[in-house]
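Trainee: Just my_file-v2.csv, nothing more (CSV, C-alpha atoms):
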```csv
chain,number,residue,atom,x,y,z
A,1,MET,CA,-17.2,-54.6,88.7
A,2,THR,CA,-18.7,-51.1,88.6
A,3,ALA,CA,-17.2,-47.9,87.3
A,4,THR,CA,-16.3,-45.0,89.6
A,5,LEU,CA,-18.0,-41.6,89.1
A,6,SER,CA,-17.5,-38.4,90.9
A,7,VAL,CA,-19.5,-38.1,94.1
A,8,SER,CA,-20.4,-34.5,93.2
A,9,LEU,CA,-21.4,-35.2,89.6
A,10,THR,CA,-24.7,-33.6,88.5
A,11,LEU,CA,-26.0,-35.0,85.2
A,12,LEU,CA,-28.8,-33.7,82.9
A,13,LEU,CA,-30.7,-36.4,81.1
A,14,ILE,CA,-32.6,-35.0,78.1
A,15,GLU,CA,-35.0,-37.9,77.2
A,16,ASP,CA,-38.7,-37.8,76.2
A,17,ASP,CA,-39.4,-41.5,76.9
A,18,ALA,CA,-40.1,-42.0,80.6
A,19,GLY,CA,-39.2,-45.7,80.4
A,20,ASP,CA,-35.8,-45.0,78.9
A,21,ALA,CA,-35.2,-42.3,81.5
A,22,PHE,CA,-36.1,-44.7,84.3
A,23,LEU,CA,-33.7,-47.3,82.7
A,24,VAL,CA,-30.8,-44.8,82.7
A,25,GLU,CA,-31.5,-43.9,86.3
A,26,GLU,CA,-31.4,-47.5,87.3
A,27,LEU,CA,-28.2,-48.2,85.4
A,28,LEU,CA,-26.4,-45.3,87.1
A,29,LYS,CA,-27.6,-46.4,90.5
A,30,GLU,CA,-25.1,-49.3,90.2
A,31,ALA,CA,-22.1,-46.9,90.0
A,32,ASP,CA,-19.9,-46.6,93.1
A,33,ALA,CA,-21.0,-42.9,93.4
A,34,PRO,CA,-24.3,-42.5,91.6
A,35,PRO,CA,-24.7,-39.0,90.1
A,36,ARG,CA,-27.5,-36.6,90.8
A,37,ILE,CA,-29.7,-36.8,87.8
A,38,VAL,CA,-31.8,-33.9,86.5
A,39,TRP,CA,-34.4,-35.0,83.9
A,40,ALA,CA,-35.8,-32.9,81.0
A,41,ARG,CA,-38.3,-34.3,78.6
A,42,SER,CA,-37.6,-31.9,75.8
A,43,LEU,CA,-35.0,-29.4,74.6
A,44,THR,CA,-37.3,-26.5,75.7
A,45,GLU,CA,-37.5,-28.0,79.2
A,46,ALA,CA,-33.7,-28.6,79.2
A,47,ARG,CA,-32.7,-25.0,78.3
A,48,PRO,CA,-33.2,-23.4,81.7
A,49,LYS,CA,-31.6,-26.4,83.4
A,50,LEU,CA,-28.3,-26.1,81.5
A,51,THR,CA,-26.6,-24.1,84.2
A,52,SER,CA,-23.0,-24.2,85.4
A,53,GLU,CA,-24.1,-26.8,87.9
A,54,ILE,CA,-24.6,-29.4,85.2
A,55,GLN,CA,-21.3,-31.2,84.5
A,56,CYS,CA,-22.5,-33.8,82.1
A,57,VAL,CA,-25.4,-34.1,79.7
A,58,LEU,CA,-27.0,-37.2,78.1
A,59,VAL,CA,-29.1,-36.2,75.2
A,60,ASP,CA,-31.4,-38.2,72.9
A,61,LEU,CA,-31.5,-37.3,69.1
A,62,SER,CA,-35.2,-37.8,68.9
A,63,LEU,CA,-37.0,-35.2,71.0
A,64,PRO,CA,-40.5,-33.7,70.6
A,65,ASP,CA,-39.0,-30.3,69.7
A,66,ALA,CA,-35.7,-31.3,68.1
A,67,SER,CA,-34.3,-34.2,66.0
A,68,GLY,CA,-31.0,-35.3,64.6
A,69,LEU,CA,-28.0,-33.1,65.4
A,70,GLU,CA,-30.2,-30.1,66.2
A,71,ALA,CA,-30.6,-31.0,69.9
A,72,LEU,CA,-26.9,-31.8,70.3
A,73,GLU,CA,-25.7,-28.6,68.7
A,74,GLU,CA,-28.1,-26.5,71.0
A,75,VAL,CA,-26.9,-28.3,74.1
A,76,LEU,CA,-23.2,-27.7,73.1
A,77,ARG,CA,-24.0,-24.1,72.6
A,78,LEU,CA,-25.7,-23.6,75.9
A,79,ALA,CA,-23.4,-25.7,78.0
A,80,PRO,CA,-19.8,-25.5,76.6
A,81,HIS,CA,-18.5,-26.3,80.1
A,82,ALA,CA,-20.2,-29.7,80.2
A,83,ALA,CA,-19.3,-33.1,78.8
A,84,VAL,CA,-22.0,-34.1,76.3
A,85,LEU,CA,-22.8,-37.6,75.3
A,86,VAL,CA,-25.4,-38.7,72.8
A,87,LEU,CA,-27.7,-41.6,74.1
A,88,THR,CA,-30.0,-42.6,71.4
A,89,GLY,CA,-31.9,-45.5,69.9
A,90,LEU,CA,-30.6,-44.7,66.5
A,91,ARG,CA,-28.0,-47.2,65.4
A,92,ASP,CA,-26.4,-45.2,62.6
A,93,LEU,CA,-22.6,-45.2,62.2
A,94,HIS,CA,-22.6,-42.0,60.0
A,95,MET,CA,-24.8,-40.2,62.6
A,96,GLY,CA,-22.4,-41.3,65.3
A,97,VAL,CA,-19.4,-39.9,63.4
A,98,ALA,CA,-21.2,-36.7,62.7
A,99,ALA,CA,-22.2,-36.3,66.4
A,100,VAL,CA,-18.6,-36.7,67.6
A,101,GLN,CA,-17.4,-34.3,64.9
A,102,ALA,CA,-20.0,-31.8,66.1
A,103,GLY,CA,-18.6,-31.9,69.6
A,104,ALA,CA,-20.1,-34.8,71.4
A,105,GLU,CA,-17.7,-36.8,73.7
A,106,ASP,CA,-19.3,-40.1,72.8
A,107,TYR,CA,-22.2,-41.7,70.9
A,108,LEU,CA,-24.1,-44.5,72.7
A,109,VAL,CA,-26.8,-46.7,71.5
A,110,LYS,CA,-29.4,-47.5,74.1
A,111,GLN,CA,-29.8,-51.1,73.2
A,112,ASP,CA,-26.0,-51.7,73.6
A,113,VAL,CA,-25.6,-49.9,77.0
A,114,ASP,CA,-25.3,-51.6,80.4
A,115,ALA,CA,-24.5,-50.1,83.8
A,116,ARG,CA,-20.7,-50.6,83.5
A,117,LEU,CA,-20.5,-49.3,80.0
A,118,LEU,CA,-22.6,-46.2,80.7
A,119,ALA,CA,-20.7,-45.3,83.9
A,120,ARG,CA,-17.4,-45.8,82.2
A,121,ALA,CA,-18.4,-43.7,79.1
A,122,ILE,CA,-19.5,-40.9,81.4
A,123,ARG,CA,-16.3,-41.0,83.4
A,124,TYR,CA,-14.1,-41.0,80.3
A,125,ALA,CA,-16.2,-38.2,78.8
A,126,MET,CA,-15.7,-36.1,81.9
A,127,GLU,CA,-11.9,-36.6,81.8
A,128,ARG,CA,-11.8,-35.7,78.1
A,129,LYS,CA,-13.8,-32.6,78.7
A,130,ARG,CA,-11.5,-31.6,81.6
A,131,ALA,CA,-8.5,-32.1,79.4
A,132,ASP,CA,-10.1,-30.1,76.5
A,133,LEU,CA,-11.0,-27.2,78.8
A,134,ALA,CA,-7.5,-27.2,80.3
A,135,GLN,CA,-5.9,-27.2,76.9
A,136,LEU,CA,-8.3,-24.3,75.8
A,137,ARG,CA,-7.3,-22.3,78.9
A,138,LEU,CA,-3.7,-22.9,78.2
A,139,VAL,CA,-4.0,-21.7,74.6
A,140,GLU,CA,-6.0,-18.7,75.7
A,141,ALA,CA,-3.4,-17.9,78.3
A,142,GLU,CA,-0.6,-18.2,75.8
A,143,LEU,CA,-2.4,-16.0,73.3
A,144,THR,CA,-3.1,-13.4,76.0
A,145,ALA,CA,0.5,-13.5,77.1
A,146,LYS,CA,1.8,-13.0,73.6
A,147,GLU,CA,-0.7,-10.1,73.0
A,148,ASN,CA,0.3,-8.5,76.3
A,149,ALA,CA,3.9,-8.9,75.4
A,150,ARG,CA,3.4,-7.2,72.0
A,151,LEU,CA,1.3,-4.4,73.7
A,152,GLU,CA,3.8,-3.9,76.6
A,153,SER,CA,6.8,-3.9,74.3
A,154,GLY,CA,5.1,-1.3,72.0
A,155,LEU,CA,4.5,0.9,75.0
A,156,LEU,CA,8.2,1.1,75.8
A,157,PRO,CA,9.7,4.3,74.3
A,158,VAL,CA,12.0,4.6,71.3
A,159,PRO,CA,14.4,7.5,72.2
A,160,LEU,CA,14.3,10.5,70.0
A,161,LEU,CA,18.1,11.1,69.9
A,162,ASP,CA,19.8,12.5,66.8
A,163,THR,CA,23.3,13.1,68.1
A,164,GLY,CA,26.0,10.4,67.6
A,165,ALA,CA,28.2,11.9,70.2
A,166,LEU,CA,26.4,10.2,73.1
A,167,GLU,CA,26.1,6.5,73.9
A,168,HIS,CA,22.6,5.8,75.2
A,169,ILE,CA,21.7,2.6,77.0
A,170,THR,CA,18.4,1.6,78.7
A,171,ARG,CA,17.2,-1.3,80.8
A,172,TYR,CA,13.7,-2.1,81.9
A,173,LEU,CA,13.0,-5.0,84.3
A,174,PRO,CA,9.7,-5.4,86.2
A,175,GLY,CA,10.1,-6.9,89.6
A,176,SER,CA,7.2,-9.3,88.8
A,177,GLN,CA,8.2,-12.0,86.3
A,178,SER,CA,4.6,-12.3,85.0
A,179,THR,CA,4.6,-8.8,83.4
A,180,LEU,CA,6.7,-6.8,81.0
A,181,LEU,CA,5.6,-3.4,82.0
A,182,ALA,CA,5.4,-1.9,85.5
A,183,GLY,CA,4.9,1.6,87.1
A,184,ASP,CA,8.5,2.6,86.4
A,185,PHE,CA,9.1,4.7,83.2
A,186,TYR,CA,11.8,6.4,81.2
A,187,ASP,CA,12.3,8.4,78.1
A,188,THR,CA,14.8,10.5,76.1
A,189,VAL,CA,14.1,13.3,73.7
A,190,GLN,CA,16.4,15.6,71.8
A,191,THR,CA,14.8,18.9,70.9
A,192,PRO,CA,15.6,21.0,67.8
A,193,ASP,CA,18.1,23.2,69.8
A,194,GLY,CA,20.3,20.2,70.4
A,195,SER,CA,19.4,19.8,74.1
A,196,VAL,CA,19.0,16.2,75.3
A,197,HIS,CA,16.1,15.7,77.8
A,198,ILE,CA,16.0,12.5,80.0
A,199,VAL,CA,13.5,11.3,82.5
A,200,VAL,CA,13.3,8.3,84.8
A,201,GLY,CA,10.2,7.9,87.0
A,202,ASP,CA,8.5,5.6,89.4
A,203,VAL,CA,4.8,5.4,90.2
A,204,CYS,CA,4.4,4.0,93.7
A,205,GLY,CA,2.7,0.6,93.8
A,206,HIS,CA,2.6,-2.5,91.6
A,207,GLY,CA,0.0,-3.8,89.1
A,208,PRO,CA,-1.7,-2.9,85.8
A,209,GLN,CA,-3.2,0.4,87.1
A,210,GLU,CA,0.3,1.6,88.1
A,211,ALA,CA,1.7,0.4,84.8
A,212,ALA,CA,-0.9,2.3,82.9
A,213,LEU,CA,-0.3,5.4,84.9
A,214,GLY,CA,3.4,5.2,84.3
A,215,VAL,CA,2.8,5.0,80.6
A,216,ALA,CA,0.5,8.0,80.8
A,217,MET,CA,3.1,10.0,82.7
A,218,ARG,CA,5.9,9.0,80.2
A,219,ILE,CA,3.8,10.0,77.1
A,220,ALA,CA,2.7,13.3,78.8
A,221,TRP,CA,6.4,14.1,79.6
A,222,ARG,CA,7.4,13.5,76.0
A,223,THR,CA,4.6,15.5,74.6
A,224,LEU,CA,5.3,18.5,77.0
A,225,VAL,CA,9.0,18.4,76.1
A,226,LEU,CA,8.3,18.4,72.4
A,227,ALA,CA,5.9,21.3,73.0
A,228,GLY,CA,8.6,23.3,74.6
A,229,GLN,CA,7.6,23.0,78.3
A,230,THR,CA,10.4,22.6,80.8
A,231,GLY,CA,11.2,23.0,84.4
A,232,ASP,CA,8.6,23.7,87.1
A,233,LEU,CA,5.8,24.3,84.5
A,234,LEU,CA,6.4,20.8,83.1
A,235,LEU,CA,6.4,19.3,86.6
A,236,HIS,CA,3.2,21.0,87.7
A,237,THR,CA,1.5,19.8,84.5
A,238,LEU,CA,2.6,16.2,85.3
A,239,ASP,CA,1.4,16.7,88.9
A,240,ALA,CA,-2.0,17.8,87.7
A,241,LEU,CA,-2.2,14.8,85.3
A,242,LEU,CA,-1.2,12.4,88.1
A,243,ARG,CA,-4.0,13.8,90.4
A,244,VAL,CA,-6.6,13.3,87.6
A,245,GLU,CA,-5.5,9.8,86.5
A,246,ARG,CA,-4.6,8.1,89.8
A,247,LYS,CA,-7.1,5.7,91.4
A,248,ALA,CA,-6.3,6.7,95.0
A,249,PRO,CA,-5.1,9.9,96.6
A,250,GLU,CA,-2.1,8.2,98.2
A,251,ILE,CA,-0.5,7.4,94.9
A,252,PHE,CA,2.5,9.5,94.1
A,253,THR,CA,5.3,9.6,91.6
A,254,THR,CA,9.0,10.2,92.0
A,255,LEU,CA,11.2,11.1,89.0
A,256,CYS,CA,14.5,12.6,88.0
A,257,MET,CA,14.8,14.9,85.0
A,258,ALA,CA,18.0,15.9,83.3
A,259,THR,CA,18.5,18.4,80.4
A,260,ILE,CA,21.9,18.1,78.8
A,261,ALA,CA,23.0,21.3,77.1
A,262,PRO,CA,23.6,21.3,73.3
A,263,ASP,CA,27.4,21.5,73.9
A,264,LEU,CA,27.1,18.4,76.1
A,265,ARG,CA,29.3,20.0,78.7
A,266,HIS,CA,26.8,20.6,81.5
A,267,ALA,CA,23.3,19.6,82.6
A,268,ARG,CA,20.4,21.0,84.6
A,269,MET,CA,18.5,18.5,86.8
A,270,ARG,CA,15.6,18.2,89.1
A,271,VAL,CA,15.5,15.2,91.5
A,272,VAL,CA,11.8,14.9,92.5
A,273,GLY,CA,11.7,12.7,95.6
A,274,HIS,CA,13.9,10.2,93.6
A,275,PRO,CA,17.2,8.4,94.1
A,276,PRO,CA,20.1,10.6,93.0
A,277,PRO,CA,21.8,10.0,89.7
A,278,VAL,CA,25.3,8.5,89.7
A,279,LEU,CA,27.9,10.5,87.8
A,280,VAL,CA,31.3,9.5,86.5
A,281,ARG,CA,33.2,12.6,85.6
A,282,ASP,CA,37.0,12.7,84.7
A,283,GLY,CA,37.3,9.3,86.4
A,284,ALA,CA,35.7,10.3,89.7
A,285,VAL,CA,32.5,8.6,90.8
A,286,ASP,CA,29.9,10.4,92.9
A,287,VAL,CA,26.1,11.1,93.2
A,288,VAL,CA,24.7,14.3,91.8
A,289,THR,CA,23.1,15.2,95.1
A,290,GLU,CA,22.6,13.5,98.5
A,291,THR,CA,19.0,14.7,98.9
A,292,PRO,CA,16.1,15.3,96.5
A,293,SER,CA,15.6,18.8,95.2
A,294,GLY,CA,11.9,18.6,96.0
A,295,PRO,CA,9.0,16.4,97.0
A,296,PRO,CA,7.4,13.7,94.8
A,297,LEU,CA,4.5,14.5,92.5
A,298,GLY,CA,1.0,14.1,93.9
A,299,ILE,CA,1.9,15.2,97.5
A,300,PHE,CA,1.9,19.0,97.6
A,301,PRO,CA,0.0,20.9,94.9
A,302,ASP,CA,2.2,24.0,95.2
A,303,ALA,CA,5.5,22.3,95.4
A,304,GLN,CA,8.7,23.9,94.2
A,305,TRP,CA,11.8,22.0,92.9
A,306,GLN,CA,15.3,23.2,93.1
A,307,VAL,CA,17.3,23.3,89.9
A,308,LEU,CA,20.7,21.5,90.1
A,309,ASP,CA,23.3,22.8,87.7
A,310,VAL,CA,25.8,20.0,87.1
A,311,PRO,CA,29.1,20.6,85.1
A,312,LEU,CA,30.0,17.6,83.0
A,313,GLY,CA,33.1,18.4,81.2
A,314,GLU,CA,34.5,16.5,78.2
A,315,GLU,CA,34.2,12.9,79.2
A,316,TRP,CA,31.4,11.7,81.5
A,317,SER,CA,28.8,9.1,82.2
A,318,ILE,CA,25.5,9.6,84.1
A,319,LEU,CA,23.1,7.0,85.3
A,320,LEU,CA,19.4,7.7,86.1
A,321,TYR,CA,17.6,4.8,87.7
A,322,THR,CA,14.6,3.8,89.9
A,323,ASP,CA,14.9,2.5,93.4
A,324,GLY,CA,14.6,-1.1,92.2
A,325,LEU,CA,18.4,-1.0,91.7
A,326,ILE,CA,19.3,0.1,95.2
A,327,GLU,CA,16.7,-1.7,97.1
A,328,ALA,CA,17.9,-5.1,96.0
A,329,ALA,CA,19.3,-7.3,98.8
A,330,MET,CA,22.8,-8.5,98.4
A,331,GLY,CA,25.2,-10.9,100.1
A,332,GLU,CA,24.6,-13.6,102.7
A,333,ASN,CA,23.0,-11.2,105.1
A,334,ALA,CA,20.7,-9.9,102.3
A,335,GLU,CA,21.6,-6.3,103.0
A,336,ARG,CA,20.0,-3.5,101.0
A,337,LEU,CA,22.5,-2.2,98.4
A,338,GLY,CA,21.6,1.5,98.8
A,339,VAL,CA,23.1,4.5,97.0
A,340,GLU,CA,26.4,4.1,98.8
A,341,GLY,CA,26.6,0.4,97.7
A,342,LEU,CA,25.7,1.4,94.1
A,343,VAL,CA,28.5,4.0,94.0
A,344,GLY,CA,30.9,1.5,95.6
A,345,LEU,CA,30.1,-1.0,92.8
A,346,VAL,CA,30.7,1.6,90.1
A,347,ARG,CA,34.0,2.6,91.7
A,348,GLU,CA,35.0,-1.1,92.0
A,349,HIS,CA,34.2,-1.7,88.3
A,350,GLY,CA,35.8,1.6,87.2
A,351,THR,CA,32.9,2.4,84.9
A,352,ILE,CA,29.1,2.2,84.7
A,353,ASP,CA,28.3,-1.1,83.1
A,354,LEU,CA,24.5,-1.5,83.4
A,355,ASP,CA,24.3,-5.2,82.7
A,356,ARG,CA,27.2,-6.0,85.0
A,357,LEU,CA,25.6,-4.0,87.8
A,358,ILE,CA,22.3,-5.8,87.3
A,359,ARG,CA,23.9,-9.2,87.3
A,360,HIS,CA,25.9,-8.2,90.5
A,361,VAL,CA,22.7,-7.1,92.2
A,362,GLY,CA,20.9,-10.4,91.4
A,363,THR,CA,17.2,-10.9,91.9
A,364,LEU,CA,15.3,-7.7,92.0
A,365,SER,CA,12.6,-7.1,94.6
A,366,ASP,CA,11.2,-4.1,92.9
A,367,ASP,CA,10.8,-2.8,89.3
A,368,LEU,CA,13.8,-1.2,87.6
A,369,ALA,CA,14.1,1.4,84.9
A,370,ALA,CA,17.5,2.8,84.1
A,371,VAL,CA,19.0,5.2,81.5
A,372,LEU,CA,22.8,5.4,81.0
A,373,VAL,CA,24.1,8.3,78.9
A,374,ARG,CA,27.9,8.4,78.2
A,375,ARG,CA,30.1,10.9,76.4
A,376,SER,CA,33.7,10.0,75.5
A,377,SER,CA,36.4,12.5,74.5
A,378,PRO,CA,36.4,13.3,70.8
```
Show how you would write the structure in this file as structure tokens.

Mentor:
Amino acid sequence: MTATLSVSLTLLLIEDDAGDAFLVEELLKEADAPPRIVWARSLTEARPKLTSEIQCVLVDLSLPDASGLEALEEVLRLAPHAAVLVLTGLRDLHMGVAAVQAGAEDYLVKQDVDARLLARAIRYAMERKRADLAQLRLVEAELTAKENARLESGLLPVPLLDTGALEHITRYLPGSQSTLLAGDFYDTVQTPDGSVHIVVGDVCGHGPQEAALGVAMRIAWRTLVLAGQTGDLLLHTLDALLRVERKAPEIFTTLCMATIAPDLRHARMRVVGHPPPVLVRDGAVDVVTETPSGPPLGIFPDAQWQVLDVPLGEEWSILLYTDGLIEAAMGENAERLGVEGLVGLVREHGTIDLDRLIRHVGTLSDDLAAVLVRRSSP
């Protein structure tokens, strides 16, 4: 009974003895699917042949230009993708153990090998190598995922908020389950005069480039706010940054900015091509504005944005969010939630409960960033 080898197997035989090389070729001809054999008479001759095409290597430990484990270690270094077996005339138990410890899949003595044993050893070595490579890729993927998670979590902002008079809640959910960070962004900064500045934005598109651009926009916004820039000057600076950093001219960014006055009784907003905030004020639920106060960033270089003055009063809640919340499909007919649907859910619940809203919406089809700020009566 012969052993089965892969039909596409390409094997490199490193053997200086022509008789032994001929014997190996004859033994492997008896396999159900004889491999394609490439022969090298020395380590020097083998080096240029150790390409990705080679899936398995049989190497002798007594070569004209290498002896002992030297040849094995060089082969393992040059062909980490291949299954490597030692095939030698040296019957030495300690050398066999050392060879396997060094990375060889098996240690075979020429005098003890027949066709069936050789084919089976190669087949098992190939399977072990596949398993080792799969395990290595899994470990690398896990390490990469953990590192990405640490990096992405570190890029999410910590709000600079000193007042205890406001409740501040954020949620960040990328639409892709394979990432933690997307093109949506948010931030909250309280300046020395007591004003509370909030931004929620959305870079169009999905992927690492959009995520990186979202982070750049968020950090730039925070820096500009801390430096005292506000209003159209801030927006034009962000617009200039977007045009420099984006990878394609069609990429734009929508955002909503709110500045809550130090007395926490009114706010000034700019809705830049973005979904309107939801406001609960004195028990009444509504949106701040039905239409944006200006175009998205990255569209018109000389754009202007209307300032929205919003009275808040003593007790209020305001929700800034990206369109991932309102573009989710709900119900049996998978209808888009929309702004009206979101307002309806808030009215139904009687308050803005972010987690409850997200659970009600279900599976997101797009990224979501949301900031909820609430003030209760003293």

Trainee: Would you mind telling me which residue in A:Val339, A:Ala369, A:Ala125, A:Ile37 lies nearest to Pro157 in chain A when using all atoms listed in the file?

Mentor: A:Ala369

Trainee: Would you pick out the contacts of range 295-310 of chain A at 10 Å or less, using all atoms listed in the file, so that residues sharing its chain but fewer than 3 positions from it are not included, and give the list as a ChimeraX atom specification?

Mentor: /A:202-203,231-232,235-236,238-244,246,249-256,258-260,265-274,279,288-289,292,313

Trainee: Return as CSV the residues of range 58-141 of chain A lying at most 9 Å from range 18-25 of chain A, together with the closest atom-to-atom pair for each and the distance in Å to one decimal, counting only C-alpha atoms, with rows in chain order and ascending residue number.

Mentor:
```
residue,atom,partner,partner_atom,distance
A:Lys110,CA,A:Asp20,CA,8.4
A:Ala115,CA,A:Val24,CA,8.3
A:Leu118,CA,A:Val24,CA,8.6
```

Trainee: Would you mind listing what lies within 7 Å of range 6-16 of chain A as a PDB file with C-alpha atoms, keeping the file's coordinate frame, with all atoms listed in the file counted and same-chain residues fewer than 6 positions away left out?

Mentor:
```
ATOM      1  CA  ALA A  33     -21.000 -42.900  93.400  1.00  0.00           C
ATOM      2  CA  PRO A  34     -24.300 -42.500  91.600  1.00  0.00           C
ATOM      3  CA  PRO A  35     -24.700 -39.000  90.100  1.00  0.00           C
ATOM      4  CA  ARG A  36     -27.500 -36.600  90.800  1.00  0.00           C
ATOM      5  CA  ILE A  37     -29.700 -36.800  87.800  1.00  0.00           C
ATOM      6  CA  VAL A  38     -31.800 -33.900  86.500  1.00  0.00           C
ATOM      7  CA  TRP A  39     -34.400 -35.000  83.900  1.00  0.00           C
ATOM      8  CA  ALA A  40     -35.800 -32.900  81.000  1.00  0.00           C
ATOM      9  CA  ARG A  41     -38.300 -34.300  78.600  1.00  0.00           C
ATOM     10  CA  SER A  42     -37.600 -31.900  75.800  1.00  0.00           C
ATOM     11  CA  ALA A  46     -33.700 -28.600  79.200  1.00  0.00           C
ATOM     12  CA  GLU A  53     -24.100 -26.800  87.900  1.00  0.00           C
ATOM     13  CA  ILE A  54     -24.600 -29.400  85.200  1.00  0.00           C
ATOM     14  CA  GLN A  55     -21.300 -31.200  84.500  1.00  0.00           C
ATOM     15  CA  CYS A  56     -22.500 -33.800  82.100  1.00  0.00           C
ATOM     16  CA  VAL A  57     -25.400 -34.100  79.700  1.00  0.00           C
ATOM     17  CA  LEU A  58     -27.000 -37.200  78.100  1.00  0.00           C
ATOM     18  CA  VAL A  59     -29.100 -36.200  75.200  1.00  0.00           C
ATOM     19  CA  ASP A  60     -31.400 -38.200  72.900  1.00  0.00           C
ATOM     20  CA  LEU A  63     -37.000 -35.200  71.000  1.00  0.00           C
TER      21      LEU A  63
END
```

Trainee: For a quick check of understanding, using only C-alpha atoms, which of A:Ile352, A:Gln229, A:Leu224, A:Pro277 has the smallest distance to Thr291 in chain A?

Mentor: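 Closest residue, counting only C-alpha atoms: A:Pro277.
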
Trainee: Kindly give the distance, in Å, that separates CA of Gly338 in chain A and CA of Pro276 in chain A, rounded to a single decimal.

Mentor: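 Computing it gives 10.9 Å between the two atoms.
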
Trainee: Have a look at A:Arg375, A:Val285, A:Phe185, A:Leu312 and name the one nearest to Leu342 in chain A; count all atoms listed in the file.

Mentor: A:Val285

Trainee: I need the residue nearest Glu245 in chain A from this list: A:Asp65, A:Asp17, A:Glu210, A:Asp263. Use only C-alpha atoms for the distance.

Mentor: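 Selected residue with least distance to Glu245 in chain A: A:Glu210.
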
Trainee: Which residue gives the smallest distance to Gly324 in chain A among A:Met257, A:Ala284, A:His197, A:Tyr172, with all atoms listed in the file counted?

Mentor: A:Tyr172

Trainee: Counting all atoms listed in the file, which residues sit no farther than 10 Å from the position (6.0, -1.2, 87.3) in the file's frame? I'd like them as a PyMOL selection string.

Mentor: chain A and resi 172-176+179-185+202-215+324+366-369

Trainee: Between CA of Gly96 in chain A and CA of Thr44 in chain A, what is the distance, to one decimal in Å?

Mentor: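 For CA of Gly96 in chain A relative to CA of Thr44 in chain A, the distance reads 23.4 Å.
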
Trainee: What's around Val371 in chain A at 8 Å? Count only C-alpha atoms, leave out sequence neighbours fewer than 5 positions away in its own chain, and write the answer as number ranges by chain.

Mentor: A: 168-171, 186, 200, 319-321

Trainee: So that I can check the surroundings of Val373 in chain A, please list as a VMD selection string every protein, DNA and RNA residue that reaches within 6 Å of it, counting all atoms listed in the file and ignoring chain neighbours fewer than 3 positions away.

Mentor: chain A and resid 167 to 168 317 to 318

Trainee: Point out the residue among A:Glu327, A:Asp114, A:Asp286, A:Asp193 with the least atom-to-atom distance to Lys29 in chain A, counting all atoms listed in the file.

Mentor: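 Once distances to Lys29 in chain A are computed over all atoms listed in the file, the minimum belongs to A:Asp114.
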
Trainee: Do you have the CA of His81 in chain A-CA of Asp132 in chain A distance handy?

Mentor: 9.9 Å

Trainee: Model the absent atoms of range 40-51 of chain A so that N, CA and C atoms are present, and write the result as a PDB file, in the frame of the given file.

Mentor:
```
ATOM      1  N   ALA A  40     -35.027 -33.836  81.888  1.00  0.00           N
ATOM      2  CA  ALA A  40     -35.800 -32.900  81.000  1.00  0.00           C
ATOM      3  C   ALA A  40     -36.373 -33.720  79.897  1.00  0.00           C
ATOM      4  N   ARG A  41     -37.664 -33.477  79.600  1.00  0.00           N
ATOM      5  CA  ARG A  41     -38.300 -34.300  78.600  1.00  0.00           C
ATOM      6  C   ARG A  41     -38.236 -33.699  77.181  1.00  0.00           C
ATOM      7  N   SER A  42     -37.697 -32.507  77.057  1.00  0.00           N
ATOM      8  CA  SER A  42     -37.600 -31.900  75.800  1.00  0.00           C
ATOM      9  C   SER A  42     -36.437 -30.865  75.795  1.00  0.00           C
ATOM     10  N   LEU A  43     -36.068 -30.360  74.627  1.00  0.00           N
ATOM     11  CA  LEU A  43     -35.000 -29.400  74.600  1.00  0.00           C
ATOM     12  C   LEU A  43     -35.474 -28.063  75.222  1.00  0.00           C
ATOM     13  N   THR A  44     -36.744 -27.748  75.042  1.00  0.00           N
ATOM     14  CA  THR A  44     -37.300 -26.500  75.700  1.00  0.00           C
ATOM     15  C   THR A  44     -37.216 -26.630  77.183  1.00  0.00           C
ATOM     16  N   GLU A  45     -37.541 -27.783  77.713  1.00  0.00           N
ATOM     17  CA  GLU A  45     -37.500 -28.000  79.200  1.00  0.00           C
ATOM     18  C   GLU A  45     -36.044 -28.014  79.652  1.00  0.00           C
ATOM     19  N   ALA A  46     -35.117 -28.432  78.787  1.00  0.00           N
ATOM     20  CA  ALA A  46     -33.700 -28.600  79.200  1.00  0.00           C
ATOM     21  C   ALA A  46     -32.998 -27.204  79.258  1.00  0.00           C
ATOM     22  N   ARG A  47     -33.400 -26.265  78.408  1.00  0.00           N
ATOM     23  CA  ARG A  47     -32.700 -25.000  78.300  1.00  0.00           C
ATOM     24  C   ARG A  47     -32.432 -24.301  79.635  1.00  0.00           C
ATOM     25  N   PRO A  48     -33.461 -24.060  80.442  1.00  0.00           N
ATOM     26  CA  PRO A  48     -33.200 -23.400  81.700  1.00  0.00           C
ATOM     27  C   PRO A  48     -32.420 -24.191  82.717  1.00  0.00           C
ATOM     28  N   LYS A  49     -32.312 -25.489  82.490  1.00  0.00           N
ATOM     29  CA  LYS A  49     -31.600 -26.400  83.400  1.00  0.00           C
ATOM     30  C   LYS A  49     -30.109 -26.503  83.051  1.00  0.00           C
ATOM     31  N   LEU A  50     -29.701 -25.986  81.887  1.00  0.00           N
ATOM     32  CA  LEU A  50     -28.300 -26.100  81.500  1.00  0.00           C
ATOM     33  C   LEU A  50     -27.464 -25.014  82.088  1.00  0.00           C
ATOM     34  N   THR A  51     -27.331 -25.077  83.405  1.00  0.00           N
ATOM     35  CA  THR A  51     -26.600 -24.100  84.200  1.00  0.00           C
ATOM     36  C   THR A  51     -25.151 -24.627  84.410  1.00  0.00           C
TER      37      THR A  51
END
```
